[in-house]
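Source file: entry.json; contents: JSON, C-alpha atoms.
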[["chain", "number", "residue", "atom", "x", "y", "z"],
["H", 1, "MET", "CA", 0.00, 0.00, 0.00],
["H", 2, "PHE", "CA", 1.06, 3.55, -0.68],
["H", 3, "ASN", "CA", 0.03, 6.51, 1.45],
["H", 4, "ILE", "CA", -0.33, 9.87, -0.25],
["H", 5, "GLY", "CA", -2.31, 12.94, 0.71],
["H", 6, "GLY", "CA", -4.13, 11.07, 3.45],
["H", 7, "LYS", "CA", -5.22, 8.20, 1.21],
["H", 8, "GLN", "CA", -4.06, 4.61, 0.88],
["H", 9, "LEU", "CA", -3.45, 3.54, -2.70],
["H", 10, "ASN", "CA", -2.33, 0.31, -4.31],
["H", 11, "SER", "CA", -1.16, 1.87, -7.56],
["H", 12, "ARG", "CA", 1.66, 4.37, -7.98],
["H", 13, "PHE", "CA", 0.42, 5.37, -11.41],
["H", 14, "PHE", "CA", -1.31, 8.76, -11.80],
["H", 15, "LEU", "CA", -2.99, 9.08, -15.18],
["H", 16, "GLY", "CA", -4.17, 12.14, -17.07],
["H", 17, "THR", "CA", -7.55, 12.19, -18.80],
["H", 18, "ALA", "CA", -6.91, 14.51, -21.75],
["H", 19, "GLY", "CA", -6.47, 13.83, -25.44],
["H", 20, "TYR", "CA", -7.95, 10.32, -25.79],
["H", 21, "PRO", "CA", -9.65, 9.30, -29.03],
["H", 22, "SER", "CA", -13.00, 8.94, -27.24],
["H", 23, "PRO", "CA", -14.54, 8.90, -23.76],
["H", 24, "LYS", "CA", -14.89, 5.12, -24.08],
["H", 25, "VAL", "CA", -11.16, 4.69, -24.76],
["H", 26, "LEU", "CA", -10.39, 7.00, -21.83],
["H", 27, "GLY", "CA", -12.50, 4.90, -19.50],
["H", 28, "GLU", "CA", -10.99, 1.62, -20.71],
["H", 29, "SER", "CA", -7.48, 3.07, -20.47],
["H", 30, "VAL", "CA", -7.98, 4.12, -16.85],
["H", 31, "LYS", "CA", -9.19, 0.61, -16.02],
["H", 32, "ALA", "CA", -6.30, -1.04, -17.87],
["H", 33, "SER", "CA", -3.75, 1.20, -16.16],
["H", 34, "GLY", "CA", -4.73, 0.20, -12.65],
["H", 35, "ALA", "CA", -4.40, 3.87, -11.69],
["H", 36, "GLU", "CA", -6.48, 4.98, -8.73],
["H", 37, "VAL", "CA", -5.90, 8.70, -9.30],
["H", 38, "VAL", "CA", -6.73, 10.63, -12.47],
["H", 39, "THR", "CA", -5.95, 14.25, -13.19],
["H", 40, "VAL", "CA", -8.80, 16.50, -14.25],
["H", 41, "SER", "CA", -9.35, 20.16, -14.99],
["H", 42, "LEU", "CA", -11.92, 22.95, -15.07],
["H", 43, "ARG", "CA", -12.88, 24.92, -18.13],
["H", 44, "ARG", "CA", -15.54, 27.45, -19.04],
["H", 45, "GLU", "CA", -18.80, 25.65, -19.61],
["H", 46, "SER", "CA", -21.02, 26.17, -22.62],
["H", 47, "PRO", "CA", -24.65, 25.41, -21.69],
["H", 48, "SER", "CA", -25.43, 24.11, -25.16],
["H", 49, "ALA", "CA", -22.49, 21.67, -25.21],
["H", 50, "ALA", "CA", -22.95, 20.45, -21.62],
["H", 51, "GLY", "CA", -19.56, 18.76, -21.91],
["H", 52, "GLY", "CA", -18.88, 19.10, -18.22],
["H", 53, "GLU", "CA", -21.92, 17.08, -17.25],
["H", 54, "SER", "CA", -21.11, 14.16, -19.55],
["H", 55, "PHE", "CA", -17.47, 14.12, -18.46],
["H", 56, "TRP", "CA", -18.55, 14.19, -14.82],
["H", 57, "ASN", "CA", -20.81, 11.18, -15.39],
["H", 58, "LEU", "CA", -17.91, 9.29, -16.96],
["H", 59, "LEU", "CA", -15.63, 10.16, -14.04],
["H", 60, "LYS", "CA", -18.09, 8.91, -11.46],
["H", 61, "LYS", "CA", -18.26, 5.52, -13.18],
["H", 62, "LEU", "CA", -14.48, 5.14, -13.00],
["H", 63, "ASP", "CA", -14.51, 5.06, -9.20],
["H", 64, "VAL", "CA", -11.10, 6.73, -8.82],
["H", 65, "ASN", "CA", -9.66, 9.67, -6.90],
["H", 66, "PHE", "CA", -9.55, 13.04, -8.64],
["H", 67, "LEU", "CA", -6.51, 15.27, -8.80],
["H", 68, "PRO", "CA", -7.70, 18.57, -10.29],
["H", 69, "ASN", "CA", -5.08, 20.79, -11.86],
["H", 70, "THR", "CA", -4.62, 24.52, -12.26],
["H", 71, "ALA", "CA", -3.43, 24.21, -15.86],
["H", 72, "GLY", "CA", -3.38, 27.47, -17.76],
["H", 73, "CYS", "CA", -2.99, 29.66, -14.66],
["H", 74, "LYS", "CA", -0.29, 32.30, -14.85],
["H", 75, "THR", "CA", -0.82, 34.24, -11.64],
["H", 76, "VAL", "CA", -1.16, 33.29, -7.99],
["H", 77, "GLY", "CA", -4.65, 34.81, -7.94],
["H", 78, "GLU", "CA", -5.79, 32.63, -10.84],
["H", 79, "VAL", "CA", -4.33, 29.57, -9.12],
["H", 80, "ILE", "CA", -6.09, 30.21, -5.82],
["H", 81, "THR", "CA", -9.48, 30.86, -7.44],
["H", 82, "THR", "CA", -9.16, 27.81, -9.69],
["H", 83, "ALA", "CA", -8.18, 25.62, -6.73],
["H", 84, "GLN", "CA", -11.15, 26.85, -4.72],
["H", 85, "MET", "CA", -13.51, 26.13, -7.61],
["H", 86, "ALA", "CA", -11.95, 22.69, -8.10],
["H", 87, "ARG", "CA", -12.35, 21.85, -4.42],
["H", 88, "GLU", "CA", -16.07, 22.55, -4.66],
["H", 89, "VAL", "CA", -16.68, 20.73, -7.96],
["H", 90, "PHE", "CA", -14.52, 17.65, -7.36],
["H", 91, "GLU", "CA", -15.06, 17.51, -3.59],
["H", 92, "THR", "CA", -11.37, 17.10, -2.80],
["H", 93, "ASN", "CA", -8.69, 19.25, -1.21],
["H", 94, "TRP", "CA", -6.07, 17.76, -3.55],
["H", 95, "ILE", "CA", -4.73, 20.20, -6.12],
["H", 96, "LYS", "CA", -2.11, 19.73, -8.82],
["H", 97, "LEU", "CA", -0.48, 23.12, -8.73],
["H", 98, "GLU", "CA", 0.61, 24.40, -12.14],
["H", 99, "VAL", "CA", 1.79, 27.94, -12.79],
["H", 100, "ILE", "CA", 3.25, 28.14, -16.25],
["H", 101, "GLY", "CA", 6.08, 30.61, -16.79],
["H", 102, "ASP", "CA", 7.02, 29.87, -20.38],
["H", 103, "ASP", "CA", 4.56, 29.01, -23.12],
["H", 104, "TYR", "CA", 7.07, 27.21, -25.33],
["H", 105, "THR", "CA", 8.45, 24.75, -22.80],
["H", 106, "LEU", "CA", 5.53, 24.93, -20.33],
["H", 107, "GLN", "CA", 8.19, 25.35, -17.68],
["H", 108, "PRO", "CA", 6.65, 26.33, -14.36],
["H", 109, "ASP", "CA", 7.32, 29.75, -12.89],
["H", 110, "ILE", "CA", 9.13, 28.54, -9.79],
["H", 111, "PHE", "CA", 8.83, 31.84, -7.93],
["H", 112, "LEU", "CA", 5.06, 32.02, -8.28],
["H", 113, "LEU", "CA", 4.88, 28.28, -7.61],
["H", 114, "ALA", "CA", 6.36, 28.66, -4.13],
["H", 115, "GLU", "CA", 4.14, 31.65, -3.38],
["H", 116, "ALA", "CA", 0.99, 29.86, -4.55],
["H", 117, "ALA", "CA", 1.89, 26.67, -2.67],
["H", 118, "GLU", "CA", 2.24, 28.58, 0.59],
["H", 119, "GLU", "CA", -1.17, 30.22, 0.19],
["H", 120, "LEU", "CA", -2.89, 26.98, -0.84],
["H", 121, "ILE", "CA", -1.48, 25.15, 2.18],
["H", 122, "LYS", "CA", -2.79, 27.92, 4.42],
["H", 123, "GLN", "CA", -6.20, 27.20, 2.90],
["H", 124, "ASP", "CA", -5.90, 23.47, 3.76],
["H", 125, "PHE", "CA", -5.16, 22.16, 0.29],
["H", 126, "GLU", "CA", -2.98, 19.10, -0.26],
["H", 127, "VAL", "CA", -0.61, 20.51, -2.84],
["H", 128, "PHE", "CA", 0.89, 18.41, -5.65],
["H", 129, "PRO", "CA", 3.29, 20.96, -7.19],
["H", 130, "TYR", "CA", 4.32, 20.48, -10.82],
["H", 131, "MET", "CA", 7.88, 21.77, -10.66],
["H", 132, "THR", "CA", 11.31, 21.72, -12.21],
["H", 133, "ASP", "CA", 14.02, 19.51, -10.72],
["H", 134, "ASP", "CA", 15.65, 22.43, -8.88],
["H", 135, "LEU", "CA", 16.80, 21.45, -5.38],
["H", 136, "ILE", "CA", 16.34, 24.87, -3.82],
["H", 137, "LEU", "CA", 12.80, 25.07, -5.12],
["H", 138, "ALA", "CA", 12.14, 21.64, -3.61],
["H", 139, "GLU", "CA", 13.47, 22.83, -0.28],
["H", 140, "ARG", "CA", 11.35, 25.99, -0.43],
["H", 141, "LEU", "CA", 8.22, 23.97, -1.21],
["H", 142, "MET", "CA", 8.95, 21.59, 1.66],
["H", 143, "ASN", "CA", 9.49, 24.54, 3.98],
["H", 144, "VAL", "CA", 6.08, 26.02, 3.19],
["H", 145, "GLY", "CA", 4.46, 22.68, 3.97],
["H", 146, "CYS", "CA", 4.44, 20.59, 0.79],
["H", 147, "LYS", "CA", 4.79, 16.87, 1.51],
["H", 148, "ILE", "CA", 4.66, 15.97, -2.17],
["H", 149, "LEU", "CA", 7.06, 17.07, -4.93],
["H", 150, "MET", "CA", 6.36, 16.55, -8.61],
["H", 151, "PRO", "CA", 9.47, 17.33, -10.67],
["H", 152, "TRP", "CA", 9.22, 17.15, -14.42],
["H", 153, "GLY", "CA", 10.99, 14.43, -16.33],
["H", 154, "ALA", "CA", 10.87, 16.56, -19.48],
["H", 155, "PRO", "CA", 8.54, 19.23, -20.89],
["H", 156, "ILE", "CA", 4.85, 18.33, -20.87],
["H", 157, "GLY", "CA", 3.82, 16.23, -23.85],
["H", 158, "SER", "CA", 7.36, 15.94, -25.22],
["H", 159, "GLY", "CA", 7.86, 12.21, -24.63],
["H", 160, "GLN", "CA", 11.57, 12.75, -24.03],
["H", 161, "GLY", "CA", 11.77, 10.76, -20.82],
["H", 162, "LEU", "CA", 14.07, 11.78, -17.98],
["H", 163, "ASN", "CA", 16.17, 14.65, -19.34],
["H", 164, "ASN", "CA", 18.18, 15.07, -16.17],
["H", 165, "PRO", "CA", 18.43, 11.79, -14.23],
["H", 166, "TYR", "CA", 21.21, 13.23, -12.06],
["H", 167, "ALA", "CA", 18.97, 16.02, -10.77],
["H", 168, "LEU", "CA", 16.15, 13.60, -10.02],
["H", 169, "LYS", "CA", 18.46, 11.16, -8.22],
["H", 170, "THR", "CA", 19.85, 14.03, -6.19],
["H", 171, "MET", "CA", 16.38, 15.22, -5.23],
["H", 172, "ARG", "CA", 15.50, 11.68, -4.13],
["H", 173, "ALA", "CA", 18.64, 11.50, -2.01],
["H", 174, "ARG", "CA", 18.26, 14.98, -0.51],
["H", 175, "PHE", "CA", 14.57, 14.65, 0.39],
["H", 176, "PRO", "CA", 14.02, 11.06, 1.52],
["H", 177, "GLU", "CA", 10.97, 12.12, 3.53],
["H", 178, "ALA", "CA", 9.17, 13.68, 0.54],
["H", 179, "THR", "CA", 6.73, 11.81, -1.65],
["H", 180, "ILE", "CA", 8.20, 12.35, -5.11],
["H", 181, "ILE", "CA", 6.11, 11.80, -8.23],
["H", 182, "VAL", "CA", 7.83, 12.31, -11.57],
["H", 183, "ASP", "CA", 5.36, 14.29, -13.62],
["H", 184, "ALA", "CA", 5.40, 14.90, -17.35],
["H", 185, "GLY", "CA", 7.64, 14.17, -20.29],
["H", 186, "MET", "CA", 7.40, 10.39, -20.30],
["H", 187, "GLY", "CA", 7.23, 8.80, -23.73],
["H", 188, "LYS", "CA", 7.42, 5.08, -23.11],
["H", 189, "PRO", "CA", 7.25, 2.59, -20.25],
["H", 190, "SER", "CA", 11.03, 2.29, -19.96],
["H", 191, "HIS", "CA", 11.09, 5.96, -18.90],
["H", 192, "ALA", "CA", 8.70, 5.16, -16.08],
["H", 193, "VAL", "CA", 10.78, 2.15, -15.05],
["H", 194, "GLN", "CA", 13.85, 4.37, -14.89],
["H", 195, "ALA", "CA", 12.07, 6.83, -12.60],
["H", 196, "MET", "CA", 10.75, 4.11, -10.32],
["H", 197, "GLU", "CA", 14.12, 2.35, -10.13],
["H", 198, "MET", "CA", 15.50, 5.60, -8.72],
["H", 199, "GLY", "CA", 13.15, 5.24, -5.79],
["H", 200, "MET", "CA", 10.52, 7.69, -6.90],
["H", 201, "ASP", "CA", 7.16, 7.17, -5.27],
["H", 202, "GLY", "CA", 5.13, 7.34, -8.44],
["H", 203, "VAL", "CA", 4.74, 8.55, -11.99],
["H", 204, "LEU", "CA", 2.19, 10.90, -13.51],
["H", 205, "LEU", "CA", 1.66, 11.00, -17.24],
["H", 206, "ASN", "CA", -1.00, 11.58, -19.86],
["H", 207, "THR", "CA", 0.10, 12.05, -23.45],
["H", 208, "ALA", "CA", 2.20, 8.88, -23.74],
["H", 209, "VAL", "CA", -0.95, 6.85, -23.14],
["H", 210, "ALA", "CA", -3.55, 9.08, -24.80],
["H", 211, "LYS", "CA", -1.56, 9.43, -28.03],
["H", 212, "ALA", "CA", -0.42, 5.82, -28.30],
["H", 213, "THR", "CA", -1.74, 3.83, -31.22],
["H", 214, "ASP", "CA", -3.59, 1.69, -28.69],
["H", 215, "PRO", "CA", -4.04, 3.77, -25.53],
["H", 216, "ILE", "CA", -5.65, 0.92, -23.58],
["H", 217, "GLN", "CA", -2.73, -1.43, -24.17],
["H", 218, "MET", "CA", -0.22, 1.34, -23.47],
["H", 219, "ALA", "CA", -1.98, 2.18, -20.20],
["H", 220, "HIS", "CA", -1.57, -1.43, -19.14],
["H", 221, "ALA", "CA", 2.08, -1.42, -20.23],
["H", 222, "PHE", "CA", 2.82, 1.68, -18.16],
["H", 223, "GLY", "CA", 1.00, 0.21, -15.18],
["H", 224, "GLN", "CA", 3.19, -2.88, -15.32],
["H", 225, "SER", "CA", 6.37, -0.88, -15.85],
["H", 226, "ILE", "CA", 5.70, 1.24, -12.78],
["H", 227, "GLU", "CA", 5.17, -1.88, -10.69],
["H", 228, "ALA", "CA", 8.33, -3.48, -12.12],
["H", 229, "GLY", "CA", 10.42, -0.39, -11.43],
["H", 230, "ARG", "CA", 9.18, -0.18, -7.87],
["H", 231, "GLU", "CA", 9.90, -3.86, -7.22],
["H", 232, "ALA", "CA", 13.38, -3.49, -8.67],
["H", 233, "TYR", "CA", 14.08, -0.53, -6.41],
["H", 234, "GLN", "CA", 12.88, -2.45, -3.37],
["H", 235, "ALA", "CA", 14.85, -5.54, -4.38],
["H", 236, "GLY", "CA", 18.10, -3.57, -4.55],
["H", 237, "MET", "CA", 19.99, -3.49, -7.80],
["H", 238, "MET", "CA", 23.55, -4.71, -8.38],
["H", 239, "GLN", "CA", 26.35, -2.23, -8.72],
["H", 240, "ARG", "CA", 27.41, -1.39, -12.25],
["H", 241, "ARG", "CA", 30.91, -2.55, -13.27],
["H", 242, "ASP", "CA", 33.18, -1.37, -16.04],
["H", 243, "MET", "CA", 34.56, -4.83, -16.78],
["H", 244, "ALA", "CA", 32.97, -8.20, -17.36],
["H", 245, "ASN", "CA", 32.59, -10.59, -14.49],
["H", 246, "PRO", "CA", 31.65, -14.18, -15.42],
["H", 247, "SER", "CA", 28.34, -15.27, -14.02],
["H", 248, "THR", "CA", 29.15, -18.98, -14.43],
["H", 249, "PRO", "CA", 31.45, -20.18, -11.64],
["H", 250, "THR", "CA", 35.03, -20.56, -12.84],
["H", 251, "LEU", "CA", 35.92, -23.08, -10.18],
["H", 252, "GLY", "CA", 35.89, -26.51, -11.78],
["H", 253, "THR", "CA", 36.01, -25.28, -15.37],
["H", 254, "PRO", "CA", 37.05, -28.32, -17.53],
["H", 255, "PHE", "CA", 40.02, -28.52, -19.88],
["H", 256, "TRP", "CA", 42.29, -26.47, -17.69],
["H", 257, "HIS", "CA", 45.23, -28.35, -16.30],
["H", 258, "GLU", "CA", 48.14, -27.26, -14.24],
["H", 259, "LYS", "CA", 51.24, -27.24, -16.32],
["H", 260, "ASN", "CA", 53.31, -30.36, -15.85],
["H", 261, "ALA", "CA", 50.40, -31.98, -13.98],
["H", 262, "ILE", "CA", 51.24, -35.28, -15.66],
["Y", 1, "MET", "CA", -31.09, 45.28, -17.53],
["Y", 2, "ILE", "CA", -27.44, 44.98, -16.68],
["Y", 3, "THR", "CA", -24.55, 44.06, -18.91],
["Y", 4, "ILE", "CA", -22.06, 41.47, -17.69],
["Y", 5, "SER", "CA", -19.21, 39.49, -19.17],
["Y", 6, "LEU", "CA", -20.18, 35.82, -18.98],
["Y", 7, "ASN", "CA", -17.35, 33.42, -19.80],
["Y", 8, "GLY", "CA", -15.73, 36.15, -21.84],
["Y", 9, "LYS", "CA", -18.83, 37.25, -23.77],
["Y", 10, "ARG", "CA", -20.86, 40.40, -23.12],
["Y", 11, "VAL", "CA", -24.49, 39.65, -22.36],
["Y", 12, "SER", "CA", -27.39, 41.72, -21.12],
["Y", 13, "VAL", "CA", -29.51, 40.12, -18.42],
["Y", 14, "SER", "CA", -32.52, 41.17, -16.42],
["Y", 15, "GLU", "CA", -31.89, 38.82, -13.49],
["Y", 16, "THR", "CA", -29.56, 40.24, -10.85],
["Y", 17, "ARG", "CA", -29.52, 37.28, -8.44],
["Y", 18, "LEU", "CA", -26.63, 34.98, -9.42],
["Y", 19, "LYS", "CA", -28.66, 31.76, -9.35],
["Y", 20, "ASP", "CA", -31.47, 33.30, -11.42],
["Y", 21, "MET", "CA", -29.00, 34.65, -13.95],
["Y", 22, "MET", "CA", -27.32, 31.24, -14.28],
["Y", 23, "ILE", "CA", -30.62, 29.48, -14.91],
["Y", 24, "SER", "CA", -31.75, 32.09, -17.43],
["Y", 25, "GLN", "CA", -28.48, 31.60, -19.31],
["Y", 26, "GLY", "CA", -28.87, 27.82, -19.37],
["Y", 27, "TYR", "CA", -26.57, 26.81, -16.53],
["Y", 28, "HIS", "CA", -28.56, 24.12, -14.74],
["Y", 29, "SER", "CA", -25.93, 21.54, -13.80],
["Y", 30, "SER", "CA", -24.88, 21.16, -10.18],
["Y", 31, "HIS", "CA", -21.31, 20.29, -11.22],
["Y", 32, "MET", "CA", -20.16, 23.81, -11.89],
["Y", 33, "ALA", "CA", -18.28, 26.49, -10.01],
["Y", 34, "VAL", "CA", -18.42, 30.26, -10.27],
["Y", 35, "ALA", "CA", -16.00, 33.14, -9.93],
["Y", 36, "ILE", "CA", -16.96, 36.79, -10.12],
["Y", 37, "ASN", "CA", -14.26, 39.31, -10.98],
["Y", 38, "GLY", "CA", -11.67, 36.61, -10.30],
["Y", 39, "THR", "CA", -12.98, 35.69, -6.85],
["Y", 40, "PHE", "CA", -14.51, 32.30, -6.11],
["Y", 41, "VAL", "CA", -18.19, 32.37, -5.16],
["Y", 42, "PRO", "CA", -19.17, 29.24, -3.18],
["Y", 43, "LYS", "CA", -22.38, 27.46, -4.08],
["Y", 44, "SER", "CA", -23.88, 28.45, -0.75],
["Y", 45, "ALA", "CA", -23.86, 32.09, -1.92],
["Y", 46, "HIS", "CA", -25.44, 31.54, -5.34],
["Y", 47, "GLU", "CA", -28.98, 32.00, -4.06],
["Y", 48, "THR", "CA", -28.33, 35.35, -2.45],
["Y", 49, "LEU", "CA", -25.46, 37.03, -4.27],
["Y", 50, "GLN", "CA", -26.36, 39.97, -6.49],
["Y", 51, "VAL", "CA", -24.74, 40.39, -9.88],
["Y", 52, "ASN", "CA", -23.74, 43.93, -10.75],
["Y", 53, "ASP", "CA", -23.42, 45.77, -14.02],
["Y", 54, "GLY", "CA", -19.95, 45.23, -15.46],
["Y", 55, "ASP", "CA", -19.19, 42.06, -13.48],
["Y", 56, "GLU", "CA", -16.92, 39.51, -15.12],
["Y", 57, "ILE", "CA", -18.35, 36.08, -14.39],
["Y", 58, "ASP", "CA", -16.70, 32.73, -15.03],
["Y", 59, "ILE", "CA", -18.68, 29.51, -14.86],
["Y", 60, "VAL", "CA", -16.57, 26.37, -15.12],
["Y", 61, "ALA", "CA", -17.27, 22.67, -15.27],
["Y", 62, "PRO", "CA", -15.21, 19.45, -15.13],
["Y", 63, "MET", "CA", -12.99, 18.89, -18.12],
["Y", 64, "GLN", "CA", -10.29, 16.45, -19.15],
["Y", 65, "GLY", "CA", -6.85, 17.41, -17.87],
["Y", 66, "GLY", "CA", -3.29, 16.19, -17.56]]
What's the structure tokens form of this structure?
Amino acid sequence: MFNIGGKQLNSRFFLGTAGYPSPKVLGESVKASGAEVVTVSLRRESPSAAGGESFWNLLKKLDVNFLPNTAGCKTVGEVITTAQMAREVFETNWIKLEVIGDDYTLQPDIFLLAEAAEELIKQDFEVFPYMTDDLILAERLMNVGCKILMPWGAPIGSGQGLNNPYALKTMRARFPEATIIVDAGMGKPSHAVQAMEMGMDGVLLNTAVAKATDPIQMAHAFGQSIEAGREAYQAGMMQRRDMANPSTPTLGTPFWHEKNAI
Amino acid sequence: MITISLNGKRVSVSETRLKDMMISQGYHSSHMAVAINGTFVPKSAHETLQVNDGDEIDIVAPMQGG
């Protein structure tokens, strides 16, 4: 079991709900993934489209926890208002804090991030901050009360994997008490395995599943990779060596004879 | 009549109570949240809050997200 934000979960996979070919495929993908938390958002509602109502009905059938985001927010004020609206609609104090600072890389504005996190925690939110892999930012977020850190692997939707494994490993080592979820940039299950083998507590992704040729199968593949990576971390991996080391015992190897044995 | 900005569009409405205005504009779902001039308005205040001329009102609903 895995404890996060006051809840016990079996799965360490956090799955996004955007960009699937259809609501049916989204629903089947969530089931196949084994994820117990899905990320969701809020957008202006058009009464004629009533998209919010149909999406809500789909969500309720999935029987999962909701992690609403503040995607698109660029100021602390927008973040706080969006979080308050999300708390009412989704009936949760969990909030995936996003404050975008650069439209091309979707890199978070780390200064506003820390400011928004502090205010949200004062208002009793459980903050899941989407952040860069900067150590000082991590420390600042922990100091204002964040228990969870969500460093990016790579820019959102890029599929590049872990661009800076060193920084992520360092964050894991420096903040052993934090719950660290690698969020964004994953392209394939091996990226998720790599993150989990580092001792990360979970992985959050969306596009790599939603844009796969078969999202349902890919969701299952990622679910398995996250479990495999976690097990490998717990099992303890061998140390890497520069030179070969025979795995078959050399003692008793035939055809070798001491010189002048006869 | 007052003129407000509703989800970014200017509209003229005769209802000045928030809940009445929402219904008249077709917002019937219970799974929505409201902000006026950038400030969250909890559901408990929808029945009583008055909408003023020039208010900027956002009504949001659940949507897919990453």
Point (2.6, 8.8, -17.2) neighbourhood (9 Å, only C-alpha atoms) written as a ChimeraX atom specification: /H:13-16,182-189,192,203-209,219,222-223
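The set of protein, DNA and RNA residues with any counted atom at most 8 Å from (-10.7, 35.7, -13.6) (all atoms listed in the file) reads Glu78 and Thr81 of chain H; Ala35, Ile36, Asn37, Gly38, Thr39, Glu56, Ile57 and Asp58 of chain Y.
CA of Ala212 (chain H) lies 22.2 Å from CA of Val64 (chain H).
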Would you mind listing, for every residue of chain H within 9 Å of chain Y, the two atoms forming the shortest contact and the distance between them in Å to one decimal, using all atoms listed in the file, sorted by chain and ascending residue number, as a Markdown table?
| residue | atom | partner | partner_atom | distance |
| --- | --- | --- | --- | --- |
| H:Leu15 | CA | Y:Gly66 | CA | 7.5 |
| H:Gly16 | CA | Y:Gly66 | CA | 4.2 |
| H:Thr17 | CA | Y:Gln64 | CA | 5.1 |
| H:Ala18 | CA | Y:Gln64 | CA | 4.7 |
| H:Gly19 | CA | Y:Gln64 | CA | 7.8 |
| H:Val38 | CA | Y:Gly66 | CA | 8.3 |
| H:Thr39 | CA | Y:Gly66 | CA | 5.5 |
| H:Val40 | CA | Y:Gly65 | CA | 4.2 |
| H:Ser41 | CA | Y:Gly65 | CA | 4.7 |
| H:Leu42 | CA | Y:Pro62 | CA | 4.8 |
| H:Arg43 | CA | Y:Val60 | CA | 5.0 |
| H:Arg44 | CA | Y:Val60 | CA | 4.2 |
| H:Glu45 | CA | Y:Val60 | CA | 5.1 |
| H:Ser46 | CA | Y:Tyr27 | CA | 8.3 |
| H:Pro47 | CA | Y:Gly26 | CA | 5.4 |
| H:Ser48 | CA | Y:Gly26 | CA | 7.7 |
| H:Ala50 | CA | Y:Ser29 | CA | 8.4 |
| H:Gly51 | CA | Y:Met63 | CA | 7.6 |
| H:Gly52 | CA | Y:Pro62 | CA | 4.8 |
| H:Glu53 | CA | Y:His31 | CA | 6.9 |
| H:Phe55 | CA | Y:Met63 | CA | 6.6 |
| H:Trp56 | CA | Y:Pro62 | CA | 6.2 |
| H:Pro68 | CA | Y:Gly65 | CA | 7.7 |
| H:Asn69 | CA | Y:Gly65 | CA | 7.1 |
| H:Ala71 | CA | Y:Gly65 | CA | 7.9 |
| H:Gly77 | CA | Y:Gly38 | CA | 7.6 |
| H:Glu78 | CA | Y:Gly38 | CA | 7.1 |
| H:Ile80 | CA | Y:Phe40 | CA | 8.7 |
| H:Thr81 | CA | Y:Phe40 | CA | 5.4 |
| H:Thr82 | CA | Y:Phe40 | CA | 7.8 |
| H:Gln84 | CA | Y:Phe40 | CA | 6.6 |
| H:Met85 | CA | Y:Ala33 | CA | 5.4 |
| H:Ala86 | CA | Y:Ala33 | CA | 7.6 |
| H:Glu88 | CA | Y:Ala33 | CA | 7.0 |
| H:Val89 | CA | Y:His31 | CA | 5.7 |
| H:Phe90 | CA | Y:Pro62 | CA | 8.0 |
| H:Ala184 | CA | Y:Gly66 | CA | 8.8 |
| H:Leu204 | CA | Y:Gly66 | CA | 8.6 |
| H:Leu205 | CA | Y:Gly66 | CA | 7.2 |
| H:Asn206 | CA | Y:Gly66 | CA | 5.6 |
| H:Thr207 | CA | Y:Gly66 | CA | 8.0 |
Find the residues around Ala45 (chain Y) up to 9 Å (all atoms listed in the file counted), leave out those fewer than 4 positions away in its own chain, and share them as a PDB file with C-alpha atoms, keeping the file's coordinate frame.
ATOM      1  CA  LEU Y  18     -26.630  34.980  -9.420  1.00  0.00           C
ATOM      2  CA  LYS Y  19     -28.660  31.760  -9.350  1.00  0.00           C
ATOM      3  CA  VAL Y  41     -18.190  32.370  -5.160  1.00  0.00           C
ATOM      4  CA  LEU Y  49     -25.460  37.030  -4.270  1.00  0.00           C
TER       5      LEU Y  49
END
Distance in Å - CA of Glu177 (chain H) versus CA of Glu197 (chain H):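 Atom-to-atom, CA of Glu177 (chain H) and CA of Glu197 (chain H) are spaced 17.1 Å apart.
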For Ile2 (chain Y): contacts at 8 Å, only C-alpha atoms, fewer than 3 positions along chain excluded, given as a PyMOL selection string: chain Y and resi 12-14+16+52-54
Write a file of the just-selected residues containing C-alpha atoms, as a tab-separated table (two decimals), in the coordinates of the input.
chain	number	residue	atom	x	y	z
Y	12	SER	CA	-27.39	41.72	-21.12
Y	13	VAL	CA	-29.51	40.12	-18.42
Y	14	SER	CA	-32.52	41.17	-16.42
Y	16	THR	CA	-29.56	40.24	-10.85
Y	52	ASN	CA	-23.74	43.93	-10.75
Y	53	ASP	CA	-23.42	45.77	-14.02
Y	54	GLY	CA	-19.95	45.23	-15.46
Quick one: axis-aligned box around all listed atoms of region 172-187 of chain H, 3 Å on every side, centre and edge lengths in Å to one decimal, written as AutoDock Vina command-line options.
--center_x 12.0 --center_y 11.9 --center_z -10.1 --size_x 19.3 --size_y 12.2 --size_z 33.3
Pairwise distance for CA of Lys60 (chain H) and CA of Asn93 (chain H), rounded to one decimal in Å: 17.3 Å
12 Å contact set for Thr170 (chain H), all atoms listed in the file, chain neighbours under 5 positions out, as a ChimeraX atom specification: /H:133-136,138,151,164-165,175-176,180,198-200
Within 10 Å of region 125-131 of chain H using all atoms listed in the file, minus same-chain residues under 5 positions, as a ChimeraX atom specification: /H:4-6,67-71,83-84,87,92-100,107-110,113-114,116-120,137-138,141,145-153,179-184
